[in-house]
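Participant: My structure file coords_20.txt, compact mmCIF, C-alpha atoms, is below:
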# COMPACT_ATOMS: atom_id res chain seq x y z
CA MET A 1 34.86 5.21 4.69
CA GLU A 2 31.86 5.56 6.99
CA THR A 3 28.46 5.58 5.37
CA ASN A 4 24.86 5.16 6.45
CA TYR A 5 23.75 4.07 3.01
CA LEU A 6 25.96 1.19 1.90
CA THR A 7 26.41 -2.27 3.32
CA ASP A 8 28.96 -4.89 2.34
CA GLY A 9 27.17 -7.90 0.80
CA PRO A 10 23.42 -8.48 0.98
CA VAL A 11 21.09 -6.36 3.11
CA SER A 12 20.75 -8.67 6.10
CA GLN A 13 17.65 -9.77 7.95
CA LYS A 14 19.27 -8.15 10.99
CA ILE A 15 19.36 -4.69 9.38
CA ILE A 16 15.67 -5.01 8.46
CA THR A 17 14.72 -6.21 11.95
CA LEU A 18 16.64 -3.40 13.65
CA LEU A 19 14.96 -0.79 11.45
CA ILE A 20 11.47 -2.12 12.18
CA GLU A 21 12.21 -2.10 15.91
CA LYS A 22 13.60 1.43 15.71
CA MET A 23 10.56 2.72 13.78
CA GLY A 24 8.13 1.05 16.20
CA GLY A 25 9.15 3.50 18.87
CA LYS A 26 7.67 6.38 16.89
CA THR A 27 4.03 6.49 17.89
CA ASP A 28 3.25 9.31 15.46
CA SER A 29 3.77 6.92 12.52
CA GLY A 30 0.72 5.07 11.24
CA GLY A 31 2.37 3.30 8.33
CA HIS A 32 5.71 2.00 7.16
CA THR A 33 6.39 1.04 3.58
CA ILE A 34 9.44 -1.10 2.98
CA PHE A 35 10.79 -1.88 -0.46
CA LEU A 36 13.29 -4.70 -0.78
CA GLY A 37 15.09 -5.13 -4.07
CA GLN A 38 16.18 -8.71 -4.64
CA VAL A 39 18.62 -10.24 -7.10
CA ARG A 40 16.72 -12.31 -9.67
CA ALA A 41 18.10 -15.47 -11.26
CA ASP A 42 17.38 -14.06 -14.74
CA VAL A 43 18.39 -16.08 -17.76
CA ILE A 44 20.22 -13.94 -20.35
CA ASP A 45 21.28 -15.48 -23.66
CA GLY A 46 20.91 -18.91 -22.12
CA LEU A 47 23.00 -18.15 -19.04
CA LYS A 48 21.50 -17.90 -15.56
CA VAL A 49 22.49 -15.05 -13.23
CA LYS A 50 24.22 -16.44 -10.12
CA ALA A 51 24.94 -13.12 -8.41
CA ILE A 52 25.34 -9.41 -8.96
CA GLU A 53 28.47 -7.57 -7.95
CA TYR A 54 27.71 -3.98 -7.02
CA SER A 55 30.23 -1.17 -6.94
CA ALA A 56 29.60 2.39 -5.80
CA TYR A 57 31.18 5.80 -5.69
CA ILE A 58 30.90 6.03 -1.93
CA GLU A 59 31.37 9.77 -1.42
CA LEU A 60 28.84 10.60 -4.12
CA VAL A 61 26.37 7.98 -2.84
CA ASN A 62 26.31 9.85 0.46
CA VAL A 63 25.80 13.20 -1.24
CA GLU A 64 23.05 11.89 -3.53
CA ALA A 65 21.26 9.87 -0.84
CA GLU A 66 21.08 12.98 1.34
CA LYS A 67 19.65 14.91 -1.62
CA ILE A 68 17.03 12.21 -2.21
CA LYS A 69 15.95 12.30 1.43
CA LYS A 70 15.72 16.09 1.33
CA THR A 71 13.58 15.93 -1.82
CA ILE A 72 11.20 13.38 -0.28
CA PHE A 73 10.86 15.24 3.02
CA SER A 74 10.05 18.45 1.18
CA GLU A 75 7.45 16.78 -1.09
CA PHE A 76 5.77 14.59 1.53
CA ALA A 77 5.01 16.54 4.70
CA ASP A 78 3.59 13.47 6.47
CA VAL A 79 6.84 11.46 6.19
CA ASN A 80 8.69 11.00 9.49
CA SER A 81 11.72 9.02 8.41
CA ILE A 82 13.49 7.55 5.40
CA GLU A 83 16.15 4.87 5.50
CA ILE A 84 18.13 3.75 2.47
CA VAL A 85 20.55 0.81 2.44
CA HIS A 86 22.22 -0.42 -0.77
CA SER A 87 24.59 -3.34 -1.14
CA THR A 88 28.14 -3.22 -2.44
CA GLY A 89 30.06 -6.33 -3.45
CA ILE A 90 28.56 -9.72 -4.21
CA VAL A 91 24.84 -10.39 -3.69
CA TYR A 92 23.57 -13.84 -4.73
CA ALA A 93 20.25 -14.51 -6.46
CA GLY A 94 17.47 -14.53 -3.86
CA GLU A 95 19.33 -12.09 -1.59
CA ILE A 96 18.37 -8.47 -0.92
CA SER A 97 20.45 -5.67 -2.49
CA LEU A 98 18.34 -2.60 -1.68
CA LEU A 99 16.20 -1.54 1.24
CA VAL A 100 14.07 1.59 1.37
CA PHE A 101 12.11 2.12 4.58
CA VAL A 102 9.70 5.04 4.80
CA SER A 103 7.55 5.86 7.83
CA ALA A 104 4.71 8.36 7.69
CA GLY A 105 1.72 9.43 9.68
CA HIS A 106 -0.64 7.85 7.17
CA ARG A 107 -0.45 5.11 4.57
CA HIS A 108 -0.78 7.07 1.33
CA GLN A 109 2.29 9.20 1.86
CA ALA A 110 4.23 6.19 3.18
CA MET A 111 3.48 4.31 -0.07
CA GLN A 112 4.02 7.20 -2.46
CA ALA A 113 7.19 8.43 -0.77
CA CYS A 114 8.68 4.92 -0.72
CA SER A 115 7.92 4.47 -4.40
CA LYS A 116 9.43 7.83 -5.34
CA THR A 117 12.53 7.18 -3.22
CA VAL A 118 13.15 3.93 -5.12
CA GLU A 119 12.78 5.74 -8.46
CA LEU A 120 15.21 8.49 -7.40
CA ILE A 121 17.71 5.85 -6.26
CA LYS A 122 17.56 4.18 -9.68
CA VAL A 123 18.24 7.49 -11.43
CA ASN A 124 20.61 9.29 -9.07
CA LEU A 125 22.59 6.86 -6.94
CA PRO A 126 26.07 6.20 -8.38
CA VAL A 127 25.97 2.41 -8.17
CA TRP A 128 26.92 -0.06 -10.89
CA LYS A 129 26.24 -3.72 -11.30
CA LYS A 130 27.98 -6.63 -12.93
CA GLU A 131 25.86 -9.70 -13.52
CA ILE A 132 27.80 -12.86 -12.79
CA PHE A 133 26.57 -15.99 -14.55
CA GLU A 134 26.68 -19.63 -13.53
CA ASP A 135 29.76 -20.23 -15.69
CA ASP A 136 31.48 -17.24 -14.00
CA SER A 137 31.32 -15.10 -17.12
CA HIS A 138 29.96 -11.60 -16.49
CA LYS A 139 28.15 -8.67 -18.04
CA TRP A 140 28.07 -5.02 -16.98
CA LYS A 141 24.70 -3.35 -16.75
CA MET B 1 -10.92 -21.32 13.84
CA GLU B 2 -7.88 -21.67 11.60
CA THR B 3 -6.95 -18.65 9.53
CA ASN B 4 -3.97 -17.49 7.54
CA TYR B 5 -4.96 -13.87 7.78
CA LEU B 6 -5.47 -13.03 11.44
CA THR B 7 -3.05 -13.00 14.33
CA ASP B 8 -3.82 -12.55 18.01
CA GLY B 9 -2.26 -9.29 19.24
CA PRO B 10 0.33 -7.28 17.29
CA VAL B 11 1.94 -8.54 14.08
CA SER B 12 5.23 -9.75 15.52
CA GLN B 13 8.76 -9.17 14.34
CA LYS B 14 8.94 -12.95 14.02
CA ILE B 15 6.11 -13.10 11.46
CA ILE B 16 7.80 -10.41 9.38
CA THR B 17 11.18 -12.13 9.58
CA LEU B 18 9.74 -15.51 8.58
CA LEU B 19 7.97 -13.98 5.57
CA ILE B 20 11.12 -12.25 4.34
CA GLU B 21 13.06 -15.50 4.66
CA LYS B 22 10.34 -17.41 2.85
CA MET B 23 10.22 -14.89 -0.02
CA GLY B 24 14.00 -14.89 -0.38
CA GLY B 25 13.87 -18.41 -1.73
CA LYS B 26 11.99 -17.24 -4.81
CA THR B 27 14.66 -16.17 -7.26
CA ASP B 28 12.12 -14.99 -9.84
CA SER B 29 11.15 -12.08 -7.55
CA GLY B 30 13.01 -8.81 -8.05
CA GLY B 31 11.12 -6.75 -5.52
CA HIS B 32 9.13 -7.05 -2.33
CA THR B 33 6.94 -4.28 -1.02
CA ILE B 34 5.89 -4.54 2.60
CA PHE B 35 3.32 -2.29 4.18
CA LEU B 36 3.11 -2.22 7.96
CA GLY B 37 0.18 -0.44 9.58
CA GLN B 38 1.02 0.81 13.05
CA VAL B 39 -1.18 2.06 15.87
CA ARG B 40 -0.68 5.79 16.33
CA ALA B 41 -0.87 7.54 19.71
CA ASP B 42 -3.38 10.03 18.30
CA VAL B 43 -4.87 12.63 20.62
CA ILE B 44 -8.66 12.84 20.22
CA ASP B 45 -10.62 15.42 22.22
CA GLY B 46 -7.67 15.78 24.56
CA LEU B 47 -7.29 12.04 25.19
CA LYS B 48 -4.32 10.04 23.92
CA VAL B 49 -4.86 6.65 22.26
CA LYS B 50 -3.16 3.92 24.32
CA ALA B 51 -4.18 0.96 22.18
CA ILE B 52 -6.65 -0.27 19.59
CA GLU B 53 -8.75 -3.35 20.15
CA TYR B 54 -9.55 -5.08 16.87
CA SER B 55 -12.37 -7.52 16.31
CA ALA B 56 -13.10 -9.44 13.14
CA TYR B 57 -15.68 -11.67 11.52
CA ILE B 58 -13.23 -14.49 11.03
CA GLU B 59 -15.08 -16.57 8.43
CA LEU B 60 -15.77 -13.53 6.28
CA VAL B 61 -12.19 -12.24 6.68
CA ASN B 62 -11.02 -15.47 5.08
CA VAL B 63 -13.51 -15.19 2.23
CA GLU B 64 -12.73 -11.51 1.57
CA ALA B 65 -8.95 -11.89 1.87
CA GLU B 66 -9.04 -14.68 -0.71
CA LYS B 67 -11.08 -12.42 -3.00
CA ILE B 68 -8.59 -9.59 -2.58
CA LYS B 69 -5.68 -11.86 -3.47
CA LYS B 70 -7.55 -13.14 -6.51
CA THR B 71 -8.25 -9.56 -7.66
CA ILE B 72 -4.60 -8.54 -7.29
CA PHE B 73 -3.23 -11.63 -9.03
CA SER B 74 -5.59 -11.05 -11.96
CA GLU B 75 -4.70 -7.33 -12.27
CA PHE B 76 -0.95 -7.64 -11.76
CA ALA B 77 0.52 -10.45 -13.84
CA ASP B 78 4.03 -9.91 -12.46
CA VAL B 79 3.01 -10.56 -8.83
CA ASN B 80 4.30 -13.85 -7.41
CA SER B 81 2.88 -13.80 -3.91
CA ILE B 82 0.68 -11.81 -1.54
CA GLU B 83 0.61 -12.21 2.22
CA ILE B 84 -1.91 -10.47 4.46
CA VAL B 85 -1.82 -10.52 8.26
CA HIS B 86 -4.21 -8.46 10.40
CA SER B 87 -4.34 -8.24 14.16
CA THR B 88 -7.25 -9.12 16.39
CA GLY B 89 -7.41 -8.10 20.04
CA ILE B 90 -5.30 -5.44 21.71
CA VAL B 91 -2.50 -3.68 19.84
CA TYR B 92 -0.69 -0.90 21.71
CA ALA B 93 0.47 2.40 20.17
CA GLY B 94 3.73 1.82 18.32
CA GLU B 95 2.87 -1.81 17.55
CA ILE B 96 2.02 -3.24 14.11
CA SER B 97 -1.61 -4.19 13.36
CA LEU B 98 -1.44 -4.93 9.62
CA LEU B 99 1.11 -6.49 7.33
CA VAL B 100 0.83 -6.70 3.55
CA PHE B 101 3.73 -8.37 1.77
CA VAL B 102 3.76 -8.45 -2.02
CA SER B 103 6.52 -9.99 -4.15
CA ALA B 104 6.79 -9.41 -7.87
CA GLY B 105 9.24 -9.83 -10.69
CA HIS B 106 9.78 -6.09 -10.90
CA ARG B 107 9.41 -3.14 -8.57
CA HIS B 108 6.53 -1.24 -10.17
CA GLN B 109 4.01 -4.03 -9.84
CA ALA B 110 5.28 -4.87 -6.34
CA MET B 111 4.59 -1.26 -5.26
CA GLN B 112 1.28 -0.83 -7.05
CA ALA B 113 -0.09 -4.21 -6.02
CA CYS B 114 0.87 -3.66 -2.38
CA SER B 115 -0.79 -0.25 -2.38
CA LYS B 116 -3.97 -1.61 -3.97
CA THR B 117 -4.08 -4.57 -1.56
CA VAL B 118 -3.99 -2.17 1.40
CA GLU B 119 -6.84 -0.12 -0.10
CA LEU B 120 -8.95 -3.24 -0.69
CA ILE B 121 -8.33 -4.37 2.89
CA LYS B 122 -9.57 -1.02 4.20
CA VAL B 123 -12.77 -1.29 2.17
CA ASN B 124 -13.53 -5.02 2.22
CA LEU B 125 -12.08 -6.72 5.27
CA PRO B 126 -14.67 -7.15 8.05
CA VAL B 127 -12.56 -5.78 10.88
CA TRP B 128 -13.57 -3.22 13.49
CA LYS B 129 -11.58 -1.13 15.88
CA LYS B 130 -12.14 0.37 19.28
CA GLU B 131 -9.72 3.08 20.31
CA ILE B 132 -8.75 2.76 23.97
CA PHE B 133 -7.57 5.94 25.64
CA GLU B 134 -5.12 6.52 28.46
CA ASP B 135 -7.96 6.84 30.98
CA ASP B 136 -9.40 3.49 29.73
CA SER B 137 -12.42 5.13 28.11
CA HIS B 138 -12.99 4.00 24.52
CA LYS B 139 -14.44 4.98 21.18
CA TRP B 140 -15.58 2.79 18.27
CA LYS B 141 -14.33 3.69 14.81
CA MET C 1 49.91 19.55 -10.44
CA GLN C 2 48.27 16.15 -10.21
CA VAL C 3 44.63 15.06 -10.40
CA LYS C 4 43.08 11.72 -9.46
CA VAL C 5 40.77 9.98 -11.92
CA LEU C 6 38.30 7.32 -10.79
CA PHE C 7 36.84 4.84 -13.31
CA PHE C 8 33.53 3.23 -12.34
CA GLY C 9 31.41 0.35 -13.58
CA VAL C 10 32.48 -1.08 -16.91
CA LEU C 11 35.08 1.70 -17.24
CA ALA C 12 36.99 0.27 -14.29
CA GLU C 13 37.42 -2.80 -16.46
CA VAL C 14 38.19 -0.81 -19.64
CA SER C 15 40.86 1.18 -17.84
CA GLY C 16 42.30 -1.97 -16.27
CA THR C 17 42.43 -0.18 -12.95
CA GLY C 18 39.88 1.83 -11.00
CA ILE C 19 42.24 4.76 -10.32
CA LYS C 20 44.79 6.67 -12.36
CA TYR C 21 46.72 9.88 -11.70
CA TYR C 22 47.30 12.49 -14.39
CA HIS C 23 49.81 15.34 -14.25
CA ASP C 24 49.62 18.81 -15.73
CA VAL C 25 46.08 18.65 -17.11
CA ARG C 26 44.50 22.02 -17.76
CA SER C 27 40.79 21.22 -17.92
CA ILE C 28 38.19 18.47 -18.05
CA SER C 29 38.24 18.45 -21.87
CA ASP C 30 42.03 18.22 -21.81
CA LEU C 31 41.82 15.31 -19.34
CA LYS C 32 39.28 13.51 -21.53
CA LEU C 33 41.69 13.61 -24.48
CA ARG C 34 44.52 12.26 -22.33
CA ILE C 35 42.33 9.41 -21.07
CA GLN C 36 41.29 8.65 -24.65
CA ASP C 37 44.94 8.41 -25.65
CA ASP C 38 45.52 5.85 -22.90
CA PHE C 39 42.29 3.88 -23.46
CA PRO C 40 41.06 4.40 -27.04
CA GLU C 41 38.07 2.03 -26.61
CA ILE C 42 36.60 4.43 -24.05
CA VAL C 43 34.94 6.35 -26.92
CA HIS C 44 32.48 3.46 -27.22
CA TYR C 45 31.02 4.13 -23.76
CA ASN C 46 28.64 6.74 -22.42
CA PHE C 47 29.65 8.29 -19.16
CA ARG C 48 29.11 11.35 -16.99
CA ILE C 49 31.76 13.26 -15.11
CA SER C 50 31.91 14.35 -11.50
CA LEU C 51 34.44 16.80 -10.12
CA ASN C 52 35.05 16.48 -6.39
CA SER C 53 31.83 14.52 -5.84
CA GLU C 54 29.71 16.98 -7.81
CA LEU C 55 28.23 16.04 -11.18
CA THR C 56 29.12 18.44 -13.95
CA ASP C 57 28.82 18.69 -17.72
CA LYS C 58 30.94 21.83 -17.96
CA ASP C 59 34.52 22.11 -19.12
CA ILE C 60 36.09 23.28 -15.86
CA GLU C 61 39.74 24.17 -15.26
CA LEU C 62 41.45 21.67 -13.00
CA LYS C 63 43.70 22.27 -10.04
CA SER C 64 45.96 20.01 -8.03
CA GLU C 65 44.23 17.40 -5.83
CA ASP C 66 41.02 17.51 -7.88
CA VAL C 67 39.18 14.18 -8.08
CA ILE C 68 37.43 13.41 -11.36
CA ALA C 69 35.15 10.40 -11.73
CA LEU C 70 34.07 8.77 -15.00
CA MET C 71 30.67 7.24 -14.44
CA PRO C 72 28.66 5.07 -16.87
CA PRO C 73 24.86 5.14 -16.47
CA PHE C 74 23.88 4.22 -12.90
CA ALA C 75 22.44 0.77 -12.31
CA GLY C 76 21.55 0.51 -8.65
CA GLY C 77 18.76 -1.40 -7.02
CA MET D 1 -36.47 -22.93 13.12
CA GLN D 2 -33.66 -20.94 14.68
CA VAL D 3 -31.12 -18.51 13.19
CA LYS D 4 -27.94 -17.15 14.72
CA VAL D 5 -27.29 -13.40 14.67
CA LEU D 6 -23.79 -11.97 15.10
CA PHE D 7 -23.32 -8.34 16.16
CA PHE D 8 -19.98 -6.78 15.27
CA GLY D 9 -18.08 -3.63 16.17
CA VAL D 10 -20.10 -1.05 18.06
CA LEU D 11 -23.22 -3.21 17.59
CA ALA D 12 -21.69 -5.88 19.81
CA GLU D 13 -21.76 -3.25 22.52
CA VAL D 14 -25.25 -1.99 21.61
CA SER D 15 -26.64 -5.52 21.73
CA GLY D 16 -24.84 -6.20 25.00
CA THR D 17 -23.73 -9.54 23.58
CA GLY D 18 -22.05 -10.51 20.36
CA ILE D 19 -24.46 -13.36 19.57
CA LYS D 20 -28.20 -13.84 19.81
CA TYR D 21 -30.52 -16.59 18.56
CA TYR D 22 -33.92 -15.82 17.03
CA HIS D 23 -36.71 -18.32 16.46
CA ASP D 24 -39.31 -18.44 13.71
CA VAL D 25 -38.10 -15.52 11.62
CA ARG D 26 -39.31 -15.49 8.02
CA SER D 27 -36.87 -13.17 6.28
CA ILE D 28 -34.07 -10.67 6.73
CA SER D 29 -36.55 -7.77 6.92
CA ASP D 30 -38.55 -9.66 9.54
CA LEU D 31 -35.37 -10.32 11.52
CA LYS D 32 -34.40 -6.64 11.37
CA LEU D 33 -37.72 -5.65 12.95
CA ARG D 34 -37.27 -8.23 15.70
CA ILE D 35 -33.77 -6.96 16.45
CA GLN D 36 -35.07 -3.39 16.48
CA ASP D 37 -37.68 -4.39 19.05
CA ASP D 38 -34.96 -5.80 21.29
CA PHE D 39 -32.46 -2.97 20.76
CA PRO D 40 -34.30 0.19 19.70
CA GLU D 41 -31.11 2.32 19.62
CA ILE D 42 -29.82 0.18 16.73
CA VAL D 43 -31.68 2.49 14.31
CA HIS D 44 -28.98 5.10 14.95
CA TYR D 45 -26.27 2.94 13.39
CA ASN D 46 -25.36 2.10 9.81
CA PHE D 47 -24.66 -1.52 9.13
CA ARG D 48 -24.51 -4.08 6.37
CA ILE D 49 -25.82 -7.62 6.50
CA SER D 50 -24.16 -10.89 5.64
CA LEU D 51 -25.98 -14.18 5.32
CA ASN D 52 -23.80 -17.25 5.84
CA SER D 53 -20.58 -15.26 5.26
CA GLU D 54 -21.87 -13.62 2.09
CA LEU D 55 -22.70 -9.91 1.98
CA THR D 56 -26.21 -9.17 0.80
CA ASP D 57 -28.57 -6.22 0.56
CA LYS D 58 -31.56 -8.34 -0.49
CA ASP D 59 -34.50 -9.40 1.65
CA ILE D 60 -33.91 -13.14 1.63
CA GLU D 61 -36.08 -15.83 3.25
CA LEU D 62 -34.34 -17.44 6.18
CA LYS D 63 -34.04 -21.11 7.03
CA SER D 64 -32.89 -22.91 10.13
CA GLU D 65 -29.16 -22.71 10.97
CA ASP D 66 -28.69 -19.54 8.92
CA VAL D 67 -26.05 -17.17 10.29
CA ILE D 68 -26.77 -13.48 9.88
CA ALA D 69 -24.15 -10.85 10.75
CA LEU D 70 -24.79 -7.15 11.42
CA MET D 71 -21.70 -5.25 10.42
CA PRO D 72 -21.01 -1.53 10.90
CA PRO D 73 -18.59 0.10 8.41
CA PHE D 74 -15.27 -1.78 8.34
CA ALA D 75 -12.31 -0.15 10.04
CA GLY D 76 -9.35 -2.43 9.54
CA GLY D 77 -5.72 -1.49 9.16
Kindly transcribe the structure held in the file into structure tokens.
Facilitator:
Amino acid sequence: METNYLTDGPVSQKIITLLIEKMGGKTDSGGHTIFLGQVRADVIDGLKVKAIEYSAYIELVNVEAEKIKKTIFSEFADVNSIEIVHSTGIVYAGEISLLVFVSAGHRHQAMQACSKTVELIKVNLPVWKKEIFEDDSHKWK
Amino acid sequence: METNYLTDGPVSQKIITLLIEKMGGKTDSGGHTIFLGQVRADVIDGLKVKAIEYSAYIELVNVEAEKIKKTIFSEFADVNSIEIVHSTGIVYAGEISLLVFVSAGHRHQAMQACSKTVELIKVNLPVWKKEIFEDDSHKWK
Amino acid sequence: MQVKVLFFGVLAEVSGTGIKYYHDVRSISDLKLRIQDDFPEIVHYNFRISLNSELTDKDIELKSEDVIALMPPFAGG
Amino acid sequence: MQVKVLFFGVLAEVSGTGIKYYHDVRSISDLKLRIQDDFPEIVHYNFRISLNSELTDKDIELKSEDVIALMPPFAGG
């Protein structure tokens, strides 16, 4: 299924680069805030996290991501664009699993809107994660 | 003079890419917040801004940037790294003139520390700007 | 009539399969009981329900082709 | 003795040159008067002073090789 919000595997350097280039064209933006969520090599009960496997309810991700964007645009009048990319599948420790890219006329709204978008994603985006440990055991979160 | 904080002309895509790659290696970071300040094509008294020319007191930029990093590290215990890059010279509308890149264990401190770093830069970094208009007239800010 | 049930997150593992079809279910509460019969351990998990990509906590009557998802707490990011 | 004075931002333009050397200046207040003699319009601008890369609002005695910077309000970002 087609989606603007999910990517298979880690969020690549290429996606980030393309977004920055795309946003640069908009000369009414004075600030971009980018949040990158990264998989940490946490140690849980003595076992180190090797990767996280993400799964998502794709149709609902699209619905909820659109709602989040609508909420942000209505709360932050200075915001020009919002991009959300979340991983599905395996993302190894040290790789990026979430990108939120907010452009606004001025820095305060860019920062605040990016922060709020990340919070709404945590609460509303139907994504699940399975931590995979070095010994290949796993734990749902 | 050598500096880690100033770059000649716009903050390039390459600088951003290298920083993201560098941060990716740190598997104790769960979030990166990147702020990019961009030159806006503002219209002032009927004239459109074509570019901003930045000048800086290089020695003092180094001193003040180090102080800013020290302040942030002491206030935000979860922050792992802070990178600051500011332009000198000509930066055209739509190009990036400031990069702040903060990595932390968790997202809240990454967001808050990035935001605070940008505010401290605005107040404490000895940088000046001259707006250059389409007709090549200019205005100091 | 037939409805499609999607199991997400840990429930995909509990159910052994991510998808299961149920026949002749009247309502969401009826469906829940049927799922519980098939996978008794599901009572140990919290989850929310969506009907045709819309979250709901109501006991709605089901019709053929409805898609119901069982979703544990979200954990994105 | 000789000190080096750096003019930044709009003051670089006001002074016509970014750098100027002054001889036999006793203190920061003395230097300010000398600069004002050379560039009378400088009174119309706000600026802060740094001495050897350290911001100061005190009237400090100057010694040879000191570097004094005249800095209008910062406008980075």
Participant: Residues of chain B within 10 Å of chain D, counting all atoms listed in the file - could you list those as a PDB file with C-alpha atoms, in the coordinates of the input?
Facilitator:
ATOM      1  CA  LEU B  36       3.110  -2.220   7.960  1.00  0.00           C
ATOM      2  CA  GLY B  37       0.180  -0.440   9.580  1.00  0.00           C
ATOM      3  CA  GLN B  38       1.020   0.810  13.050  1.00  0.00           C
ATOM      4  CA  VAL B  39      -1.180   2.060  15.870  1.00  0.00           C
ATOM      5  CA  TYR B  54      -9.550  -5.080  16.870  1.00  0.00           C
ATOM      6  CA  SER B  55     -12.370  -7.520  16.310  1.00  0.00           C
ATOM      7  CA  ALA B  56     -13.100  -9.440  13.140  1.00  0.00           C
ATOM      8  CA  TYR B  57     -15.680 -11.670  11.520  1.00  0.00           C
ATOM      9  CA  ILE B  58     -13.230 -14.490  11.030  1.00  0.00           C
ATOM     10  CA  GLU B  59     -15.080 -16.570   8.430  1.00  0.00           C
ATOM     11  CA  LEU B  60     -15.770 -13.530   6.280  1.00  0.00           C
ATOM     12  CA  VAL B  61     -12.190 -12.240   6.680  1.00  0.00           C
ATOM     13  CA  ASN B  62     -11.020 -15.470   5.080  1.00  0.00           C
ATOM     14  CA  VAL B  63     -13.510 -15.190   2.230  1.00  0.00           C
ATOM     15  CA  GLU B  64     -12.730 -11.510   1.570  1.00  0.00           C
ATOM     16  CA  VAL B  85      -1.820 -10.520   8.260  1.00  0.00           C
ATOM     17  CA  HIS B  86      -4.210  -8.460  10.400  1.00  0.00           C
ATOM     18  CA  SER B  87      -4.340  -8.240  14.160  1.00  0.00           C
ATOM     19  CA  THR B  88      -7.250  -9.120  16.390  1.00  0.00           C
ATOM     20  CA  ILE B  96       2.020  -3.240  14.110  1.00  0.00           C
ATOM     21  CA  SER B  97      -1.610  -4.190  13.360  1.00  0.00           C
ATOM     22  CA  LEU B  98      -1.440  -4.930   9.620  1.00  0.00           C
ATOM     23  CA  LEU B  99       1.110  -6.490   7.330  1.00  0.00           C
ATOM     24  CA  VAL B 118      -3.990  -2.170   1.400  1.00  0.00           C
ATOM     25  CA  GLU B 119      -6.840  -0.120  -0.100  1.00  0.00           C
ATOM     26  CA  ILE B 121      -8.330  -4.370   2.890  1.00  0.00           C
ATOM     27  CA  LYS B 122      -9.570  -1.020   4.200  1.00  0.00           C
ATOM     28  CA  VAL B 123     -12.770  -1.290   2.170  1.00  0.00           C
ATOM     29  CA  ASN B 124     -13.530  -5.020   2.220  1.00  0.00           C
ATOM     30  CA  LEU B 125     -12.080  -6.720   5.270  1.00  0.00           C
ATOM     31  CA  PRO B 126     -14.670  -7.150   8.050  1.00  0.00           C
ATOM     32  CA  VAL B 127     -12.560  -5.780  10.880  1.00  0.00           C
ATOM     33  CA  TRP B 128     -13.570  -3.220  13.490  1.00  0.00           C
ATOM     34  CA  LYS B 129     -11.580  -1.130  15.880  1.00  0.00           C
ATOM     35  CA  LYS B 130     -12.140   0.370  19.280  1.00  0.00           C
ATOM     36  CA  LYS B 139     -14.440   4.980  21.180  1.00  0.00           C
ATOM     37  CA  TRP B 140     -15.580   2.790  18.270  1.00  0.00           C
ATOM     38  CA  LYS B 141     -14.330   3.690  14.810  1.00  0.00           C
TER      39      LYS B 141
END
Participant: Taking 2 positions as the minimum chain separation for residues in the same chain, which residues sit within 12 Å of Ile42 in chain C when counting only C-alpha atoms? Answer as a compact mmCIF listing (two decimals) with C-alpha atoms, in the frame of the given file.
Facilitator:
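Once written, around09.txt looks like this:
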# COMPACT_ATOMS: atom_id res chain seq x y z
CA PHE C 7 36.84 4.84 -13.31
CA VAL C 10 32.48 -1.08 -16.91
CA LEU C 11 35.08 1.70 -17.24
CA ALA C 12 36.99 0.27 -14.29
CA GLU C 13 37.42 -2.80 -16.46
CA VAL C 14 38.19 -0.81 -19.64
CA SER C 15 40.86 1.18 -17.84
CA GLY C 16 42.30 -1.97 -16.27
CA LYS C 32 39.28 13.51 -21.53
CA LEU C 33 41.69 13.61 -24.48
CA ARG C 34 44.52 12.26 -22.33
CA ILE C 35 42.33 9.41 -21.07
CA GLN C 36 41.29 8.65 -24.65
CA ASP C 37 44.94 8.41 -25.65
CA ASP C 38 45.52 5.85 -22.90
CA PHE C 39 42.29 3.88 -23.46
CA PRO C 40 41.06 4.40 -27.04
CA HIS C 44 32.48 3.46 -27.22
CA TYR C 45 31.02 4.13 -23.76
CA ASN C 46 28.64 6.74 -22.42
CA PHE C 47 29.65 8.29 -19.16
CA LEU C 70 34.07 8.77 -15.00
CA MET C 71 30.67 7.24 -14.44
CA PRO C 72 28.66 5.07 -16.87
Participant: Would you list the residues near (-27.4, -17.9, 13.3) (no more than 9 Å away, in the coordinates of the file, using all atoms listed in the file) as a PyMOL selection string?
Facilitator: chain D and resi 2-6+19-22+51-52+64-69
Participant: What does the structure give for the distance between CA of Asn80 in chain A and CA of Ser29 in chain A, in Å to one decimal?
Facilitator: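 For CA of Asn80 in chain A relative to CA of Ser29 in chain A, the distance reads 7.1 Å.
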Participant: Show me, as a list in words, the residues that have an atom within 8 Å of Ser27 in chain C when counting all atoms listed in the file, minus same-chain residues fewer than 6 positions from it.
Facilitator: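 Skipping anything fewer than 6 positions along the chain leaves Asp59, Ile60, Glu61 and Leu62 of chain C.
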Participant: Got a sec to pull out which chain A residues are within 8 Å of chain B, counting all atoms listed in the file, and send them as an MDAnalysis selection string?
Facilitator: chainID A and resid 13 17 20 24:42 93:96 105 107 111 115
Participant: What separation in Å, quoted to one decimal, exists between CA of Thr7 in chain B and CA of Ile84 in chain B?
Facilitator: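 We find that CA of Thr7 in chain B and CA of Ile84 in chain B lie 10.3 Å from each other.
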Participant: Take CA of Glu134 in chain A and CA of Glu53 in chain A and report the distance between them in Å, one decimal.
Facilitator: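 According to the coordinates, CA of Glu134 in chain A and CA of Glu53 in chain A are separated by 13.4 Å.
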Participant: Counting only C-alpha atoms, which residues come within 8 Å of (8.3, 13.2, -2.2), with the point read in the file's coordinates, and could you list them as JSON, numbers by chain?
Facilitator: {"A": [71, 72, 73, 74, 75, 76, 112, 113, 116, 117]}
